[in-house]
Amino acid sequence: MMSAVRDSDRFQEVVRSAAAQLVSLEVIGGASYVTTPLLYASGAYVVVRVERSGSDFFVSDFGAGYEEAQQMAGEATYKRVARSVAVSNGVNFDSFSFFELIATEGQLGGAIAAIANCSQEAVNITAMKLSERTFRDESELLHQRLNSIFDPRYVAKDVHILGSSNTEWHISSLVTINERKVAFESVTKHPNSVVHAAAKFGDLALLDGAPGRVAVVASKKLLGTYLGVLSHNARVIEQSAQDTVYQRLVQDAA
Amino acid sequence: MVNLEKLWKSDKALSSEPEWRIRERVEFVRLVSPLDIDGITEEGLLFTARAHIYMPDRAVAFQLEYHSARNAKLRGPIVRFDWLPTAPHNNKGRGPKEHQLQTITGSHLHSFDLNWDPSNSAMRQPNLPIAVPVSDRLETFKEALDFVEKEFRIKGLGSIPPPPWTAKLL
């Protein structure tokens, strides 16, 4: 019985100690820097600065979120995102780099949490948008690759095809040679990319005279079980495949 | 496609004598220089450093960056050294077992090797998420520069002036 109590005390002590470590304070040059438990996408902790502002407190991320975005070459995206994050959270973004807020003593805890959340949210949305830009670039690279393999007259970009459900699908690149049509789509390992491509391929597959469907991925191994999701209704190749593989896919199309 | 691994492993040198630039109403200052390999200034390859003007003798981030004009997958840092940073780092559940879910509070290195994704021929996203602590006692800016010069394989970093740190009266 005593042992159970001791174990319980020890457990509570460990949890209390871990919880106490989640927030820390450091004073640099007269300003207070609060390290919060929030993490930017990179794994860096979100730090918020508190300064005096008359009888109130000036709370900001001192541009640290902007710097995180700049490290990812995403500062222009960040500025757009930050403005909208600031508006939706009722805080200020100063157009240069700061999320900021003036708070009373009674509001200070909430203000620190709000600024930290805004800075984190803006950086993480920026990281997601940069990853989408990568996808667009990969579609462009795929199109260029197809143009180098086939006569560019046969390679159409950004084509729209009505699927069996009457849904209009965007196709990144469509190769048409002697009535043989093959839709090539660049697909990333991100679940959204896989699921969207799988839905598109599935709907196209049900068409009479359906076009050939090819998912082009960076690495099949990296897709894990998603490879099976894609291969239900499409053939899957890696970006590094030889030109002859691309040519065979078009020749094989019905 | 550019071989980032090859760029990383090559001996490099500053192509210019970079200066710290102050931007209006921004407390972080930045220094940027292209890099040479075997006397050729490489397209898209940069050394950058970032400091906070009100945090003297600490909080400098040194990066080697590659910016492909054509491929967004190859844009951004390929290695980073955070010298005495204000913000600690957490690898979450990634990286070497002994450094997972730990708060790394001092200087730390987002190394190329730990953040290189060979199956994707690109750096892990976002923003080199895996770091390891650096145990060397690097107490001065010069010591930090010497560490970066060796670790990043960049000659001539010793000539870089310290950031324009200043005291702020609050």
# chains A, B, ... in the order shown; residues from 1 in each chain; ligands from 1
$ interface_residues --of "chain B" --to "chain A" --cutoff "8 Å" --atoms "only C-alpha atoms" --output "MDAnalysis selection string"
chainID B and resid 25:28 54:55 70:73 75:77 86:92 119:120 125:130 167:170
$ residues_around --residues "Glu5 (chain B)" --least-positions-apart "3" --cutoff "12 Å" --atoms "only C-alpha atoms" --output "PyMOL selection string"
chain B and resi 1-2+8-10+66+74+78-79+112-113+115-118+121-123
$ atom_distance --atom1 "CA of Gly65 (chain A)" --atom2 "CA of Glu19 (chain B)"
23.5 Å
$ select_by_dssp --residues "region 44-224 of chain A" --states "strand (DSSP E or B)" --output "MDAnalysis selection string"
chainID A and resid 44:53 56:60 92:93 99:103 155:162 168:177 180:186 212:217
$ residues_around --residues "Trp83 (chain B)" --least-positions-apart "2" --cutoff "6 Å" --atoms "only C-alpha atoms" --output "short mmCIF file (atom, residue, chain, number, x, y, z; two decimals) with C-alpha atoms, in the first residue's frame"
data_model
loop_
_atom_site.label_atom_id
_atom_site.label_comp_id
_atom_site.auth_asym_id
_atom_site.auth_seq_id
_atom_site.Cartn_x
_atom_site.Cartn_y
_atom_site.Cartn_z
CA ALA B 59 21.81 33.60 -31.35
CA VAL B 60 23.53 33.42 -34.75
CA PRO B 85 20.07 30.17 -29.88
CA SER B 107 24.15 25.20 -29.80
#
$ residues_around --residues "His108 (chain B)" --least-positions-apart "3" --cutoff "7 Å" --atoms "only C-alpha atoms" --output "list in words"
Phe81, Asp82, Trp83, Ala131, Val132, Pro133 and Val134 of chain B
$ write_last_selection --atoms "C-alpha atoms" --output "PDB file, in the first residue's frame"
ATOM      1  CA  PHE B  81      24.317  25.593 -37.226  1.00  0.00           C
ATOM      2  CA  ASP B  82      22.364  27.413 -34.509  1.00  0.00           C
ATOM      3  CA  TRP B  83      24.936  28.977 -32.191  1.00  0.00           C
ATOM      4  CA  ALA B 131      19.336  18.493 -35.119  1.00  0.00           C
ATOM      5  CA  VAL B 132      21.957  17.213 -32.702  1.00  0.00           C
ATOM      6  CA  PRO B 133      23.573  19.137 -29.850  1.00  0.00           C
ATOM      7  CA  VAL B 134      27.100  20.448 -30.342  1.00  0.00           C
TER       8      VAL B 134
END
$ select_by_dssp --residues "region 10-253 of chain A" --states "alpha helix (DSSP H)" --output "ChimeraX atom specification"
/A:10-20,64-71,75-89,108-149,191-205,220-223,226-231,243-252
$ residues_around --residues "region 151-164 of chain A" --least-positions-apart "6" --cutoff "7 Å" --atoms "only C-alpha atoms" --output "list of chain:residue names"
A:His170, A:Ile171, A:Ser172, A:Ser173, A:Leu174, A:Val175, A:Thr176, A:Ile177, A:Asp203, A:Leu204, A:Leu206, A:Leu207
$ write_last_selection --atoms "C-alpha atoms" --output "PDB file, in the first residue's frame"
ATOM      1  CA  HIS A 170      -7.535  18.472 -64.143  1.00  0.00           C
ATOM      2  CA  ILE A 171      -4.822  16.425 -65.839  1.00  0.00           C
ATOM      3  CA  SER A 172      -1.261  17.756 -65.563  1.00  0.00           C
ATOM      4  CA  SER A 173      -0.052  16.238 -68.832  1.00  0.00           C
ATOM      5  CA  LEU A 174      -1.894  14.262 -71.499  1.00  0.00           C
ATOM      6  CA  VAL A 175       0.048  12.451 -74.222  1.00  0.00           C
ATOM      7  CA  THR A 176      -1.984  11.621 -77.347  1.00  0.00           C
ATOM      8  CA  ILE A 177      -0.413   9.541 -80.122  1.00  0.00           C
ATOM      9  CA  ASP A 203     -13.307   8.103 -62.028  1.00  0.00           C
ATOM     10  CA  LEU A 204     -11.417   8.198 -65.338  1.00  0.00           C
ATOM     11  CA  LEU A 206     -14.783   3.939 -65.541  1.00  0.00           C
ATOM     12  CA  LEU A 207     -15.098   5.908 -68.806  1.00  0.00           C
TER      13      LEU A 207
END
$ decode --residues "region 181-193 of chain A" --atoms "all heavy atoms" --output "compact mmCIF listing (two decimals), in the first residue's frame"
# COMPACT_ATOMS: atom_id res chain seq x y z
N LYS A 181 -4.38 7.73 -75.73
CA LYS A 181 -4.26 8.85 -74.76
C LYS A 181 -3.76 8.30 -73.42
O LYS A 181 -4.30 7.30 -72.92
CB LYS A 181 -5.63 9.50 -74.52
CG LYS A 181 -6.16 10.32 -75.69
CD LYS A 181 -7.51 10.93 -75.32
CE LYS A 181 -8.15 11.64 -76.50
NZ LYS A 181 -7.44 12.84 -76.92
N VAL A 182 -2.78 8.99 -72.87
CA VAL A 182 -2.30 8.60 -71.54
C VAL A 182 -2.19 9.85 -70.66
O VAL A 182 -1.54 10.83 -71.04
CB VAL A 182 -0.92 7.89 -71.61
CG1 VAL A 182 -0.47 7.49 -70.22
CG2 VAL A 182 -0.99 6.67 -72.52
N ALA A 183 -2.86 9.79 -69.51
CA ALA A 183 -2.79 10.89 -68.54
C ALA A 183 -1.64 10.63 -67.58
O ALA A 183 -1.59 9.57 -66.93
CB ALA A 183 -4.11 10.99 -67.78
N PHE A 184 -0.71 11.57 -67.49
CA PHE A 184 0.40 11.47 -66.55
C PHE A 184 0.17 12.46 -65.41
O PHE A 184 -0.09 13.64 -65.65
CB PHE A 184 1.73 11.81 -67.24
CG PHE A 184 2.24 10.74 -68.17
CD1 PHE A 184 1.84 10.72 -69.50
CD2 PHE A 184 3.12 9.76 -67.72
CE1 PHE A 184 2.32 9.74 -70.37
CE2 PHE A 184 3.59 8.78 -68.58
CZ PHE A 184 3.19 8.77 -69.91
N GLU A 185 0.28 11.98 -64.20
CA GLU A 185 0.10 12.85 -63.03
C GLU A 185 1.29 12.69 -62.09
O GLU A 185 1.69 11.56 -61.76
CB GLU A 185 -1.16 12.45 -62.24
CG GLU A 185 -2.44 12.95 -62.81
CD GLU A 185 -2.58 14.46 -62.74
OE1 GLU A 185 -2.16 15.07 -61.74
OE2 GLU A 185 -3.10 15.04 -63.71
N SER A 186 1.83 13.81 -61.65
CA SER A 186 2.87 13.77 -60.62
C SER A 186 2.18 13.62 -59.27
O SER A 186 1.26 14.38 -58.94
CB SER A 186 3.66 15.08 -60.68
OG SER A 186 4.69 15.03 -59.76
N VAL A 187 2.58 12.63 -58.49
CA VAL A 187 1.93 12.38 -57.20
C VAL A 187 3.02 12.35 -56.12
O VAL A 187 4.04 11.70 -56.28
CB VAL A 187 1.18 11.03 -57.20
CG1 VAL A 187 0.47 10.80 -55.86
CG2 VAL A 187 0.18 10.98 -58.35
N THR A 188 2.79 13.11 -55.03
CA THR A 188 3.75 13.10 -53.93
C THR A 188 3.32 12.07 -52.89
O THR A 188 2.24 11.50 -52.98
CB THR A 188 3.84 14.48 -53.25
OG1 THR A 188 2.63 14.70 -52.50
CG2 THR A 188 4.02 15.60 -54.26
N LYS A 189 4.13 11.90 -51.86
CA LYS A 189 3.80 10.91 -50.82
C LYS A 189 2.76 11.46 -49.83
O LYS A 189 2.29 10.75 -48.96
CB LYS A 189 5.07 10.51 -50.07
CG LYS A 189 5.72 11.64 -49.32
CD LYS A 189 6.97 11.21 -48.60
CE LYS A 189 7.60 12.41 -47.91
NZ LYS A 189 8.83 12.12 -47.22
N HIS A 190 2.43 12.76 -49.97
CA HIS A 190 1.46 13.35 -49.05
C HIS A 190 0.10 12.68 -49.24
O HIS A 190 -0.36 12.52 -50.38
CB HIS A 190 1.35 14.86 -49.33
CG HIS A 190 0.62 15.60 -48.25
ND1 HIS A 190 -0.74 15.56 -48.12
CD2 HIS A 190 1.08 16.35 -47.23
CE1 HIS A 190 -1.10 16.27 -47.07
NE2 HIS A 190 -0.01 16.77 -46.51
N PRO A 191 -0.57 12.29 -48.16
CA PRO A 191 -1.85 11.60 -48.28
C PRO A 191 -2.85 12.32 -49.18
O PRO A 191 -3.56 11.69 -49.96
CB PRO A 191 -2.36 11.51 -46.84
CG PRO A 191 -1.13 11.56 -46.01
CD PRO A 191 -0.14 12.41 -46.75
N ASN A 192 -2.91 13.67 -49.05
CA ASN A 192 -3.87 14.41 -49.89
C ASN A 192 -3.59 14.21 -51.37
O ASN A 192 -4.50 14.07 -52.19
CB ASN A 192 -3.79 15.92 -49.59
CG ASN A 192 -4.42 16.26 -48.26
OD1 ASN A 192 -5.06 15.40 -47.64
ND2 ASN A 192 -4.22 17.47 -47.80
N SER A 193 -2.31 14.21 -51.72
CA SER A 193 -1.93 14.05 -53.13
C SER A 193 -2.32 12.66 -53.62
O SER A 193 -2.88 12.50 -54.71
CB SER A 193 -0.41 14.27 -53.26
OG SER A 193 0.01 14.04 -54.58
